[in-house]
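Source file structure.cif; content: mmCIF, C-alpha atoms.
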data_upload
#
loop_
_atom_site.label_atom_id
_atom_site.label_comp_id
_atom_site.auth_asym_id
_atom_site.auth_seq_id
_atom_site.Cartn_x
_atom_site.Cartn_y
_atom_site.Cartn_z
CA MET A 1 31.08 -2.19 -23.99
CA ALA A 2 28.02 -4.39 -23.45
CA THR A 3 25.53 -4.59 -26.29
CA SER A 4 22.13 -3.01 -25.66
CA MET A 5 19.01 -3.24 -27.79
CA VAL A 6 16.55 -1.34 -25.60
CA VAL A 7 15.53 2.29 -25.96
CA ASP A 8 17.78 4.84 -24.29
CA PHE A 9 15.33 5.47 -21.45
CA GLU A 10 15.50 1.84 -20.30
CA LYS A 11 19.27 1.38 -20.53
CA GLY A 12 20.91 0.49 -17.24
CA GLN A 13 17.66 -0.33 -15.46
CA LYS A 14 17.85 -3.07 -12.83
CA ALA A 15 14.98 -5.52 -12.62
CA LEU A 16 15.47 -7.22 -9.24
CA ASP A 17 13.48 -5.71 -6.38
CA SER A 18 15.62 -5.40 -3.23
CA VAL A 19 12.81 -6.66 -1.00
CA PHE A 20 12.33 -9.85 -3.00
CA LYS A 21 16.10 -10.25 -3.32
CA THR A 22 16.54 -10.14 0.46
CA SER A 23 13.51 -12.37 0.94
CA ASN A 24 15.01 -14.97 -1.41
CA GLU A 25 18.26 -14.84 0.57
CA ALA A 26 16.30 -15.49 3.76
CA LYS A 27 14.48 -18.44 2.18
CA ALA A 28 17.79 -19.93 1.07
CA GLU A 29 19.14 -19.69 4.62
CA ILE A 30 15.96 -21.22 6.04
CA ALA A 31 16.40 -24.16 3.66
CA LYS A 32 20.00 -24.51 4.81
CA TYR A 33 19.77 -23.85 8.55
CA GLY A 34 16.09 -24.34 9.41
CA LYS A 35 13.24 -21.95 10.24
CA ASP A 36 14.10 -21.89 13.95
CA THR A 37 17.55 -20.45 13.24
CA VAL A 38 16.67 -17.81 10.64
CA ILE A 39 14.57 -14.72 11.35
CA ASP A 40 12.79 -13.52 8.22
CA GLY A 41 11.23 -10.07 8.53
CA THR A 42 11.41 -9.12 4.88
CA ILE A 43 8.23 -9.45 2.86
CA GLY A 44 4.70 -8.11 3.30
CA THR A 45 2.69 -11.30 3.44
CA MET A 46 0.96 -12.63 6.53
CA MET A 47 2.48 -15.78 7.98
CA ASP A 48 1.09 -17.81 10.85
CA GLU A 49 3.05 -18.83 13.92
CA GLU A 50 4.44 -21.84 12.03
CA GLY A 51 5.73 -19.74 9.17
CA GLN A 52 3.01 -20.71 6.69
CA ILE A 53 1.38 -18.10 4.48
CA ILE A 54 -2.17 -17.32 5.56
CA PHE A 55 -5.05 -17.90 3.15
CA LEU A 56 -8.18 -16.96 5.07
CA PRO A 57 -10.33 -20.13 5.25
CA THR A 58 -13.54 -18.51 4.00
CA VAL A 59 -11.73 -16.96 1.06
CA LYS A 60 -9.95 -20.21 0.25
CA LYS A 61 -13.15 -22.25 0.41
CA GLU A 62 -15.03 -19.82 -1.80
CA PHE A 63 -12.20 -19.58 -4.31
CA LEU A 64 -11.84 -23.35 -4.62
CA SER A 65 -15.59 -23.85 -5.06
CA LEU A 66 -16.03 -21.57 -8.09
CA SER A 67 -17.43 -22.95 -11.32
CA SER A 68 -15.17 -23.80 -14.26
CA THR A 69 -16.59 -20.80 -16.09
CA ASP A 70 -15.57 -18.45 -13.28
CA TYR A 71 -12.05 -19.88 -13.31
CA VAL A 72 -11.30 -19.68 -17.02
CA SER A 73 -13.59 -17.11 -18.64
CA TYR A 74 -12.63 -13.56 -19.44
CA ALA A 75 -13.96 -10.86 -17.14
CA PRO A 76 -14.99 -7.55 -18.71
CA ILE A 77 -11.94 -5.34 -19.18
CA ILE A 78 -13.29 -2.74 -16.80
CA GLY A 79 -14.51 -5.45 -14.41
CA ASN A 80 -18.14 -6.33 -13.78
CA GLU A 81 -20.68 -4.24 -11.89
CA ALA A 82 -21.09 -6.79 -9.09
CA TYR A 83 -17.36 -6.64 -8.35
CA HIS A 84 -17.36 -2.86 -8.38
CA LYS A 85 -20.24 -2.79 -5.88
CA ALA A 86 -18.43 -5.31 -3.67
CA VAL A 87 -15.21 -3.26 -3.74
CA ILE A 88 -17.08 -0.07 -2.79
CA ALA A 89 -18.89 -1.83 0.05
CA GLU A 90 -15.72 -3.38 1.50
CA CYS A 91 -13.49 -0.37 0.99
CA PHE A 92 -15.73 2.31 2.50
CA GLY A 93 -17.77 0.29 4.99
CA ASP A 94 -20.19 2.57 6.82
CA HIS A 95 -18.31 5.72 5.76
CA LYS A 96 -19.06 5.86 2.04
CA PRO A 97 -19.10 9.54 1.09
CA ALA A 98 -22.14 10.98 -0.67
CA THR A 99 -20.06 11.64 -3.78
CA PRO A 100 -20.52 10.08 -7.23
CA MET A 101 -17.91 7.41 -7.89
CA ARG A 102 -16.74 4.93 -10.51
CA VAL A 103 -14.49 1.86 -10.40
CA VAL A 104 -12.00 0.35 -12.82
CA SER A 105 -10.67 -3.14 -12.01
CA THR A 106 -6.88 -3.34 -11.87
CA VAL A 107 -4.10 -5.88 -11.46
CA GLY A 108 -3.70 -5.44 -7.72
CA GLY A 109 -3.07 -2.15 -5.99
CA THR A 110 0.07 -1.75 -8.09
CA GLY A 111 -2.12 -1.71 -11.21
CA ALA A 112 -4.23 1.04 -9.66
CA ILE A 113 -1.13 3.17 -9.07
CA HIS A 114 0.02 2.46 -12.64
CA HIS A 115 -3.28 3.77 -14.01
CA LEU A 116 -3.08 6.81 -11.74
CA MET A 117 0.35 7.78 -13.03
CA HIS A 118 -0.30 6.76 -16.62
CA ASN A 119 -3.57 8.67 -16.95
CA TYR A 120 -3.21 11.66 -14.65
CA ALA A 121 0.47 12.60 -14.35
CA GLU A 122 2.07 14.36 -17.30
CA GLN A 123 5.40 12.90 -18.39
CA GLY A 124 8.30 14.99 -17.13
CA THR A 125 6.30 16.59 -14.32
CA GLU A 126 6.52 15.90 -10.60
CA VAL A 127 4.11 14.05 -8.32
CA LEU A 128 4.12 14.34 -4.55
CA ILE A 129 4.55 11.48 -2.09
CA SER A 130 5.80 11.26 1.49
CA ASP A 131 9.48 10.73 2.23
CA TRP A 132 8.61 7.44 3.95
CA HIS A 133 7.09 5.38 1.15
CA TRP A 134 6.94 1.99 -0.57
CA GLY A 135 9.98 1.64 -2.84
CA ALA A 136 7.90 0.42 -5.79
CA TYR A 137 6.41 3.91 -6.15
CA ASP A 138 9.78 5.02 -7.50
CA GLN A 139 9.82 2.29 -10.13
CA ILE A 140 6.21 2.81 -11.22
CA CYS A 141 6.77 6.54 -11.64
CA ALA A 142 10.06 6.03 -13.46
CA GLU A 143 8.36 3.71 -15.96
CA GLN A 144 5.75 6.41 -16.60
CA LYS A 145 8.52 9.04 -16.97
CA VAL A 146 7.21 10.92 -13.95
CA LYS A 147 9.45 12.51 -11.32
CA LEU A 148 8.94 12.12 -7.58
CA ARG A 149 8.89 14.99 -5.14
CA THR A 150 8.69 14.24 -1.43
CA PHE A 151 7.49 16.02 1.69
CA SER A 152 8.41 15.19 5.28
CA MET A 153 5.63 12.95 6.52
CA LEU A 154 6.35 13.30 10.24
CA THR A 155 7.22 16.17 12.53
CA GLU A 156 9.75 15.79 15.33
CA ASP A 157 6.92 14.85 17.69
CA CYS A 158 5.73 12.23 15.18
CA THR A 159 2.54 13.80 13.90
CA PHE A 160 1.65 14.49 10.26
CA ASP A 161 3.85 17.33 8.99
CA PHE A 162 1.16 19.47 7.42
CA ASP A 163 3.50 22.45 7.02
CA SER A 164 5.88 20.41 4.85
CA PHE A 165 2.94 18.97 2.89
CA LYS A 166 1.47 22.43 2.33
CA LYS A 167 4.82 23.84 1.23
CA GLU A 168 5.42 21.14 -1.40
CA VAL A 169 1.85 21.19 -2.72
CA THR A 170 2.06 24.96 -3.07
CA TYR A 171 5.34 24.62 -4.97
CA LEU A 172 3.80 22.16 -7.42
CA ALA A 173 0.69 24.33 -7.86
CA ASP A 174 2.93 27.31 -8.69
CA HIS A 175 5.03 25.39 -11.23
CA GLN A 176 2.64 23.05 -13.03
CA GLU A 177 -1.07 22.81 -13.79
CA ARG A 178 -1.53 19.30 -12.45
CA VAL A 179 -0.94 18.55 -8.78
CA VAL A 180 -0.88 14.77 -8.31
CA ILE A 181 -0.54 13.55 -4.72
CA LEU A 182 -0.21 9.96 -3.53
CA LEU A 183 -0.68 9.21 0.18
CA ASN A 184 -0.35 5.73 1.68
CA THR A 185 -2.57 5.50 4.75
CA PRO A 186 -3.82 3.98 7.02
CA GLY A 187 -0.95 1.72 8.09
CA ASN A 188 1.68 3.37 5.91
CA ASN A 189 4.32 1.14 4.32
CA PRO A 190 6.97 1.19 5.76
CA THR A 191 6.20 3.04 9.01
CA GLY A 192 2.77 1.85 10.12
CA TYR A 193 1.68 5.49 10.57
CA THR A 194 -1.95 6.47 9.98
CA ILE A 195 -3.07 9.99 9.14
CA THR A 196 -5.76 10.95 11.66
CA THR A 197 -9.22 12.22 10.71
CA GLU A 198 -8.29 15.64 12.09
CA GLU A 199 -5.13 15.71 9.96
CA TRP A 200 -7.20 14.63 6.97
CA GLN A 201 -9.55 17.58 7.53
CA GLN A 202 -6.59 19.95 7.20
CA ILE A 203 -5.43 18.22 4.05
CA ILE A 204 -8.85 18.24 2.37
CA ASP A 205 -9.62 21.87 3.25
CA PHE A 206 -6.27 22.96 1.83
CA LEU A 207 -6.61 20.95 -1.38
CA LYS A 208 -10.14 22.24 -1.94
CA ALA A 209 -8.75 25.77 -1.77
CA ILE A 210 -6.06 24.94 -4.33
CA ALA A 211 -8.61 23.33 -6.65
CA ASP A 212 -10.91 26.34 -6.33
CA ASN A 213 -8.28 28.75 -7.63
CA GLY A 214 -9.18 27.91 -11.24
CA GLU A 215 -5.54 27.44 -12.22
CA ASN A 216 -4.81 23.88 -11.08
CA LYS A 217 -6.19 20.39 -11.46
CA VAL A 218 -5.67 18.46 -8.23
CA ILE A 219 -5.62 14.67 -8.14
CA LEU A 220 -5.45 13.21 -4.63
CA SER A 221 -4.87 9.46 -4.54
CA VAL A 222 -5.00 7.34 -1.38
CA ASP A 223 -3.32 3.93 -1.28
CA VAL A 224 -5.35 1.96 1.27
CA ALA A 225 -3.55 -1.38 0.83
CA TYR A 226 -3.31 -1.99 4.60
CA ILE A 227 -6.67 -0.58 5.70
CA ASP A 228 -7.95 -3.94 6.97
CA TYR A 229 -4.93 -4.32 9.27
CA ALA A 230 -4.51 -0.75 10.50
CA GLY A 231 -6.81 -0.73 13.51
CA ASP A 232 -10.52 -0.78 14.24
CA GLY A 233 -12.19 -1.43 10.90
CA ASP A 234 -14.78 1.30 11.39
CA LYS A 235 -12.56 3.99 12.87
CA VAL A 236 -9.83 3.77 10.23
CA ARG A 237 -12.49 4.43 7.56
CA GLU A 238 -13.88 7.60 9.14
CA PHE A 239 -11.76 9.87 6.94
CA PHE A 240 -13.59 8.69 3.82
CA ALA A 241 -16.62 10.76 4.87
CA LEU A 242 -14.55 13.91 4.29
CA PHE A 243 -14.46 13.27 0.54
CA GLU A 244 -17.69 15.15 -0.05
CA ASN A 245 -18.58 18.48 -1.67
CA LEU A 246 -15.52 18.20 -3.88
CA PRO A 247 -14.79 21.18 -6.11
CA ARG A 248 -14.85 20.58 -9.85
CA HIS A 249 -11.08 20.46 -10.22
CA LEU A 250 -10.40 18.05 -7.35
CA LEU A 251 -10.43 14.35 -8.25
CA VAL A 252 -9.97 11.80 -5.45
CA THR A 253 -8.93 8.24 -6.24
CA ILE A 254 -8.61 5.23 -3.94
CA ASN A 255 -6.09 2.47 -4.72
CA TYR A 256 -7.66 -0.78 -3.51
CA THR A 257 -6.24 -4.31 -3.46
CA LEU A 258 -7.41 -7.85 -2.70
CA SER A 259 -3.87 -8.88 -1.75
CA LYS A 260 -4.05 -7.98 1.93
CA GLY A 261 -7.66 -8.00 3.14
CA PHE A 262 -8.60 -11.10 1.14
CA THR A 263 -5.10 -12.71 1.26
CA MET A 264 -4.99 -13.23 -2.51
CA TYR A 265 -1.53 -11.76 -3.12
CA GLY A 266 -0.58 -13.78 -6.18
CA LEU A 267 -3.96 -13.56 -7.89
CA ARG A 268 -3.35 -9.88 -8.61
CA ALA A 269 -6.71 -8.17 -8.37
CA GLY A 270 -7.65 -4.73 -7.14
CA ALA A 271 -9.35 -1.55 -8.24
CA LEU A 272 -8.96 2.16 -8.80
CA ILE A 273 -11.96 4.05 -7.40
CA ALA A 274 -12.64 7.62 -8.54
CA LEU A 275 -14.70 10.21 -6.66
CA SER A 276 -15.72 13.47 -8.32
CA SER A 277 -18.54 15.99 -8.34
CA ASP A 278 -18.19 16.30 -12.12
CA GLN A 279 -19.95 13.66 -14.24
CA ASP A 280 -17.68 14.40 -17.22
CA VAL A 281 -14.62 13.63 -15.10
CA LEU A 282 -16.10 10.29 -14.07
CA ASP A 283 -17.09 9.37 -17.62
CA GLU A 284 -13.56 10.21 -18.73
CA PHE A 285 -12.12 8.13 -15.88
CA THR A 286 -14.07 5.09 -17.03
CA THR A 287 -13.07 5.53 -20.67
CA ILE A 288 -9.36 6.08 -20.17
CA GLY A 289 -9.19 3.44 -17.44
CA THR A 290 -10.64 0.86 -19.81
CA LEU A 291 -8.23 1.88 -22.56
CA ALA A 292 -5.24 1.72 -20.22
CA SER A 293 -6.28 -1.76 -19.05
CA ARG A 294 -6.73 -2.99 -22.61
CA GLY A 295 -3.31 -1.66 -23.53
CA THR A 296 -1.49 -3.30 -20.61
CA TRP A 297 -2.98 -6.43 -18.97
CA SER A 298 -6.38 -6.48 -20.73
CA ASN A 299 -8.43 -8.44 -18.16
CA VAL A 300 -8.11 -8.79 -14.39
CA CYS A 301 -8.19 -12.20 -12.68
CA HIS A 302 -11.82 -13.33 -12.93
CA PRO A 303 -11.85 -15.98 -10.15
CA ALA A 304 -10.36 -13.53 -7.62
CA MET A 305 -13.01 -10.93 -8.36
CA GLN A 306 -15.82 -13.48 -8.29
CA THR A 307 -14.63 -14.79 -4.93
CA VAL A 308 -15.03 -11.33 -3.42
CA VAL A 309 -18.46 -10.90 -5.00
CA ASN A 310 -19.68 -14.21 -3.55
CA ILE A 311 -18.43 -13.40 -0.05
CA MET A 312 -19.69 -9.82 0.00
CA ASN A 313 -23.12 -10.87 -1.27
CA ASP A 314 -23.60 -13.50 1.43
CA LEU A 315 -23.95 -11.95 4.89
CA ALA A 316 -23.17 -15.19 6.73
CA LYS A 317 -19.98 -15.77 4.73
CA PHE A 318 -18.96 -12.15 5.12
CA LYS A 319 -19.34 -12.27 8.91
CA VAL A 320 -17.14 -15.37 9.13
CA TYR A 321 -14.60 -13.77 6.79
CA GLU A 322 -14.55 -10.66 8.99
CA GLU A 323 -13.85 -12.72 12.10
CA GLU A 324 -11.00 -14.56 10.35
CA ARG A 325 -9.49 -11.32 9.13
CA LYS A 326 -9.79 -9.74 12.57
CA ALA A 327 -7.98 -12.71 14.11
CA SER A 328 -5.13 -12.22 11.65
CA TYR A 329 -5.01 -8.51 12.41
CA GLN A 330 -4.88 -9.23 16.16
CA MET A 331 -2.02 -11.66 15.57
CA ILE A 332 0.00 -8.95 13.81
CA GLU A 333 -0.93 -6.42 16.48
CA GLU A 334 0.37 -8.74 19.21
CA ARG A 335 3.69 -9.08 17.39
CA ALA A 336 3.93 -5.33 16.91
CA HIS A 337 3.24 -4.69 20.60
CA ILE A 338 6.03 -7.08 21.57
CA PHE A 339 8.47 -5.24 19.33
CA GLU A 340 7.27 -1.81 20.49
CA SER A 341 7.56 -2.63 24.19
CA GLU A 342 11.00 -4.21 23.81
CA ALA A 343 12.19 -1.32 21.65
CA LYS A 344 11.16 1.11 24.38
CA ALA A 345 12.89 -1.00 27.01
CA CYS A 346 16.21 -1.13 25.15
CA GLY A 347 16.14 2.45 23.87
CA LEU A 348 15.56 1.66 20.20
CA HIS A 349 13.78 4.57 18.51
CA ILE A 350 11.03 3.51 16.09
CA LEU A 351 8.59 5.54 14.02
CA PRO A 352 4.99 5.66 15.32
CA TYR A 353 3.18 2.43 14.51
CA CYS A 354 -0.61 2.64 14.21
CA GLY A 355 -1.15 -0.59 12.29
CA GLY A 356 -0.32 -2.39 9.08
CA PHE A 357 2.38 -4.90 8.22
CA PHE A 358 5.60 -3.05 9.06
CA ILE A 359 7.58 -1.21 11.72
CA THR A 360 10.44 1.11 10.80
CA ILE A 361 13.58 2.14 12.67
CA PRO A 362 15.05 5.41 11.38
CA CYS A 363 18.84 5.25 11.18
CA GLN A 364 21.96 5.97 9.19
CA ASN A 365 24.09 3.19 7.67
CA ALA A 366 21.05 0.97 7.20
CA LYS A 367 22.74 -1.18 4.54
CA ALA A 368 25.74 -1.88 6.75
CA ILE A 369 23.57 -2.67 9.77
CA VAL A 370 21.35 -5.01 7.75
CA ALA A 371 24.45 -6.76 6.40
CA ASP A 372 25.67 -7.29 9.98
CA LEU A 373 22.27 -8.71 10.94
CA LYS A 374 22.33 -11.09 7.95
CA ALA A 375 25.54 -12.56 9.30
CA LYS A 376 23.51 -13.48 12.39
CA HIS A 377 20.70 -15.02 10.29
CA ILE A 378 18.43 -11.99 10.74
CA PHE A 379 16.85 -10.65 7.56
CA VAL A 380 15.17 -7.24 7.45
CA ILE A 381 15.00 -4.55 4.76
CA ALA A 382 17.45 -1.67 4.41
CA MET A 383 16.01 1.61 3.14
CA ALA A 384 17.69 4.91 2.38
CA ASN A 385 16.95 6.29 5.84
CA GLY A 386 16.03 3.32 7.99
CA ILE A 387 15.29 -0.35 8.50
CA ARG A 388 11.91 -1.97 7.83
CA VAL A 389 10.73 -4.95 9.87
CA ALA A 390 7.80 -7.04 8.56
CA VAL A 391 5.99 -8.04 11.75
CA CYS A 392 3.25 -9.53 9.55
CA SER A 393 5.47 -12.46 8.58
CA MET A 394 7.35 -13.21 11.81
CA PRO A 395 6.18 -15.60 14.55
CA LYS A 396 6.16 -14.10 18.03
CA ARG A 397 9.10 -16.25 19.11
CA HIS A 398 11.21 -14.47 16.46
CA VAL A 399 9.90 -11.02 17.34
CA LYS A 400 10.92 -11.48 20.97
CA GLY A 401 14.42 -10.13 21.45
CA LEU A 402 14.67 -8.73 17.91
CA ALA A 403 14.55 -5.09 18.96
CA THR A 404 17.56 -5.59 21.22
CA LYS A 405 19.48 -7.40 18.49
CA ILE A 406 18.85 -4.54 16.06
CA LYS A 407 19.81 -1.97 18.71
CA ASP A 408 23.07 -3.82 19.41
CA ALA A 409 23.89 -3.93 15.69
CA MET A 410 23.19 -0.19 15.38
CA ASP A 411 25.38 0.61 18.38
CA VAL A 412 28.30 -1.21 16.76
CA ARG A 413 27.94 1.00 13.66
CA ALA A 414 27.36 4.22 15.61
#

Representation of the structure as structure tokens:
Amino acid sequence: MATSMVVDFEKGQKALDSVFKTSNEAKAEIAKYGKDTVIDGTIGTMMDEEGQIIFLPTVKKEFLSLSSTDYVSYAPIIGNEAYHKAVIAECFGDHKPATPMRVVSTVGGTGAIHHLMHNYAEQGTEVLISDWHWGAYDQICAEQKVKLRTFSMLTEDCTFDFDSFKKEVTYLADHQERVVILLNTPGNNPTGYTITTEEWQQIIDFLKAIADNGENKVILSVDVAYIDYAGDGDKVREFFALFENLPRHLLVTINYTLSKGFTMYGLRAGALIALSSDQDVLDEFTTIGTLASRGTWSNVCHPAMQTVVNIMNDLAKFKVYEEERKASYQMIEERAHIFESEAKACGLHILPYCGGFFITIPCQNAKAIVADLKAKHIFVIAMANGIRVAVCSMPKRHVKGLATKIKDAMDVRA
């Protein structure tokens, strides 16, 4: 029997993320066979048409021009006020709700989700997420000793399944005091689906009713990692305006990241934004958020945060940044449209794509199909109930014909 020194809870845990594992396999094949032979649709980073990772020019220039002090000095544990104002301005745009809010800086969007689970989900209880979700949610929750409960995100006609959502929220409200809900929209990972403003109205009205019953504390968290690549920048933010007139026992949090919109993936900076009508709840959020940060990573990357502050505070720079980001979004959209049209032509069923980095094909035997595709130098991600394709990282020449290749591989396994 192998020797183990870790606590019982951690025994048998596996550290390697399947996405990064598959991505590393693709990189090894590219090194061996060349980038024209290997199709890599694995990881959620934007690549240009030559396969180079995109660092938006305005962001790069601003980052590289910071002072030595900005590069190496500690930022405040909670983050500084200028950064918090910049995050709020960029996140909400013209649809900032008239609701008091606070911000805690985090290590990327993942850090925001960590703080959400660490501070608001009781160990041993369940939190609710959609059945189609980012695999890292499972790991984050497991580390916090929180169980996942899922609802069906989509109906048969591919709209938000409010009935399933309502059923599972009601179950949690009946069985535990805290009802913690995590929704990834707009541009859901892995599907690309975006909850509409009308669907959001249903969700908010229902959760307000639950919070008003006096028996539950409802925490609704929205992971907006892909908001800057999910469609028209103004329209996809309209739902934020619904987060007003919140009852006392409904706390809304927004998980924000610099990884996607500002293309600073490896610098690991983001924020958890809290909205509440109760000043005590916001004061508590700030206190426990600071304590959680101090007890995990301590400080967030100062140069990344300062870069955002400098861009957001300079209208000319911000306008140029916006144009660069829009061009990147349009590039991804073009790739997605190629895949969508070819999927329709060859009869490959895909989940509704509204924006974001990924397209998903629901299927059985995903692992076997992905293994067959690997043998043909095609790398995509196998999930429990489908295959995820990262259109954000694939040049158009690799997207063309890919839907048919996936359909052929699925037909062999049918």

Point-to-point distance from atom CA of Glu324 of chain A to atom CA of His95 of chain A, Å rounded to tenths: 22.0 Å

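You can rank A:Asn80, A:Thr22, A:Thr110, A:Asn119 by their closest distance to Ile140 of chain A using all atoms listed in the file, and at the top of that list sits A:Thr110.
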
Nearest-residue call for Thr263 of chain A, choices A:Ala304, A:Met383, A:Leu315, A:Val180, using all atoms listed in the file: A:Ala304

I'd like a table as a Markdown table: residues in segment 102-212 of chain A with an atom no more than 12 Å from segment 288-293 of chain A, each row giving the shortest atom pair and its distance in Å to one decimal, only C-alpha atoms counted, sorted by chain and rising residue number.
| residue | atom | partner | partner_atom | distance |
| --- | --- | --- | --- | --- |
| A:Arg102 | CA | A:Gly289 | CA | 10.4 |
| A:Val103 | CA | A:Gly289 | CA | 9.0 |
| A:Val104 | CA | A:Gly289 | CA | 6.2 |
| A:Ser105 | CA | A:Ser293 | CA | 8.4 |
| A:Thr106 | CA | A:Ser293 | CA | 7.4 |
| A:Val107 | CA | A:Ser293 | CA | 8.9 |
| A:Gly111 | CA | A:Ser293 | CA | 8.9 |
| A:Ala112 | CA | A:Gly289 | CA | 9.5 |
| A:Ile113 | CA | A:Gly289 | CA | 11.6 |
| A:His114 | CA | A:Ala292 | CA | 9.3 |
| A:His115 | CA | A:Ala292 | CA | 6.8 |
| A:Leu116 | CA | A:Gly289 | CA | 9.0 |
| A:Met117 | CA | A:Ala292 | CA | 10.9 |
| A:His118 | CA | A:Ala292 | CA | 7.9 |
| A:Asn119 | CA | A:Ile288 | CA | 7.1 |
| A:Tyr120 | CA | A:Ile288 | CA | 10.0 |

For segment 63-65 of chain A: contacts at 12 Å, only C-alpha atoms, fewer than 4 positions along chain excluded, given as an MDAnalysis selection string: chainID A and resid 55:59 69:71 262:264 267 301:311

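Each of A:Ser341, A:Gln176, A:Thr296, A:Ser221 was checked against Leu251 of chain A using all atoms listed in the file; the smallest atom-to-atom distance is that of A:Ser221.
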
Residue IDs satisfying the PyMOL selection byres ((chain A and resi 385-392) around 10), as a ChimeraX atom specification: /A:40-48,131-132,189-191,229,328-329,331-339,350-351,356-367,369-370,379-384,393-396,398-399,402-403,406

Assuming the chain letters and numbering stay as they are in my file, what does the PyMOL selection byres ((chain A and resi 100) around 6) actually select? List them as a tab-separated table (two decimals) with C-alpha atoms, keeping the file's coordinate frame.
chain	number	residue	atom	x	y	z
A	99	THR	CA	-20.06	11.64	-3.78
A	101	MET	CA	-17.91	7.41	-7.89
A	275	LEU	CA	-14.70	10.21	-6.66
A	276	SER	CA	-15.72	13.47	-8.32

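Counting all atoms listed in the file and comparing A:Val146, A:Cys91, A:Leu172, A:Cys346, the residue that lies closest to Asp223 of chain A is A:Cys91.
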
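A cut-off of 8 Å from the point (-11.8, 11.6, 3.7), with only C-alpha atoms, picks out the residues Thr197, Trp200, Gln201, Ile204, Glu238, Phe239, Phe240, Ala241, Leu242, Phe243 and Glu244 of chain A.
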
How would the residues just picked look written out with C-alpha atoms as a short mmCIF file (atom, residue, chain, number, x, y, z; two decimals), in the frame of the given file?
data_model
loop_
_atom_site.label_atom_id
_atom_site.label_comp_id
_atom_site.auth_asym_id
_atom_site.auth_seq_id
_atom_site.Cartn_x
_atom_site.Cartn_y
_atom_site.Cartn_z
CA THR A 197 -9.22 12.22 10.71
CA TRP A 200 -7.20 14.63 6.97
CA GLN A 201 -9.55 17.58 7.53
CA ILE A 204 -8.85 18.24 2.37
CA GLU A 238 -13.88 7.60 9.14
CA PHE A 239 -11.76 9.87 6.94
CA PHE A 240 -13.59 8.69 3.82
CA ALA A 241 -16.62 10.76 4.87
CA LEU A 242 -14.55 13.91 4.29
CA PHE A 243 -14.46 13.27 0.54
CA GLU A 244 -17.69 15.15 -0.05
#

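One distance worth recording is that between atom CA of Gln123 of chain A and atom CA of Lys145 of chain A, which is 5.2 Å.
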
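Here, the PyMOL selection byres ((chain A and resi 222) around 7) matches Leu182, Leu183, Asn184, Thr185, Leu220, Ser221, Asp223, Val224, Thr253, Ile254 and Asn255 of chain A.
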
Would you save the residues from that selection as a compact mmCIF listing (two decimals), in the coordinates of the input, using C-alpha atoms?
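Final output, saved to result04.txt:
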# COMPACT_ATOMS: atom_id res chain seq x y z
CA LEU A 182 -0.21 9.96 -3.53
CA LEU A 183 -0.68 9.21 0.18
CA ASN A 184 -0.35 5.73 1.68
CA THR A 185 -2.57 5.50 4.75
CA LEU A 220 -5.45 13.21 -4.63
CA SER A 221 -4.87 9.46 -4.54
CA ASP A 223 -3.32 3.93 -1.28
CA VAL A 224 -5.35 1.96 1.27
CA THR A 253 -8.93 8.24 -6.24
CA ILE A 254 -8.61 5.23 -3.94
CA ASN A 255 -6.09 2.47 -4.72

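Distances to Cys141 of chain A were evaluated for A:Glu126, A:Asp36, A:Glu156, A:Asp372 using all atoms listed in the file, and the minimum falls at A:Glu126.
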
Counting all atoms listed in the file, the option among A:Trp134, A:Tyr256, A:Phe206, A:Tyr193 closest to Asp163 of chain A: A:Phe206

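You will find atom CA of Ile53 of chain A at 25.0 Å from atom CA of Tyr137 of chain A.
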
Shell around Asn313 of chain A at 12 Å using all atoms listed in the file, local window under 5 positions removed, as number ranges by chain: A: 82-83, 85-87, 89-90, 306-308, 318-319

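A search radius of 9 Å centred on (-8.5, 18.5, -10.7), applied to all atoms listed in the file, returns the residues A:Arg178, A:Val179, A:Val180, A:Ala211, A:Asn216, A:Lys217, A:Val218, A:Ile219, A:Leu220, A:Pro247, A:Arg248, A:His249, A:Leu250, A:Leu251, A:Val252, A:Val281.
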
Pull C-alpha atoms from the residues just selected and write them as a compact mmCIF listing (two decimals), keeping the file's coordinate frame.
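Saved result, result_2.txt, follows:
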# COMPACT_ATOMS: atom_id res chain seq x y z
CA ARG A 178 -1.53 19.30 -12.45
CA VAL A 179 -0.94 18.55 -8.78
CA VAL A 180 -0.88 14.77 -8.31
CA ALA A 211 -8.61 23.33 -6.65
CA ASN A 216 -4.81 23.88 -11.08
CA LYS A 217 -6.19 20.39 -11.46
CA VAL A 218 -5.67 18.46 -8.23
CA ILE A 219 -5.62 14.67 -8.14
CA LEU A 220 -5.45 13.21 -4.63
CA PRO A 247 -14.79 21.18 -6.11
CA ARG A 248 -14.85 20.58 -9.85
CA HIS A 249 -11.08 20.46 -10.22
CA LEU A 250 -10.40 18.05 -7.35
CA LEU A 251 -10.43 14.35 -8.25
CA VAL A 252 -9.97 11.80 -5.45
CA VAL A 281 -14.62 13.63 -15.10
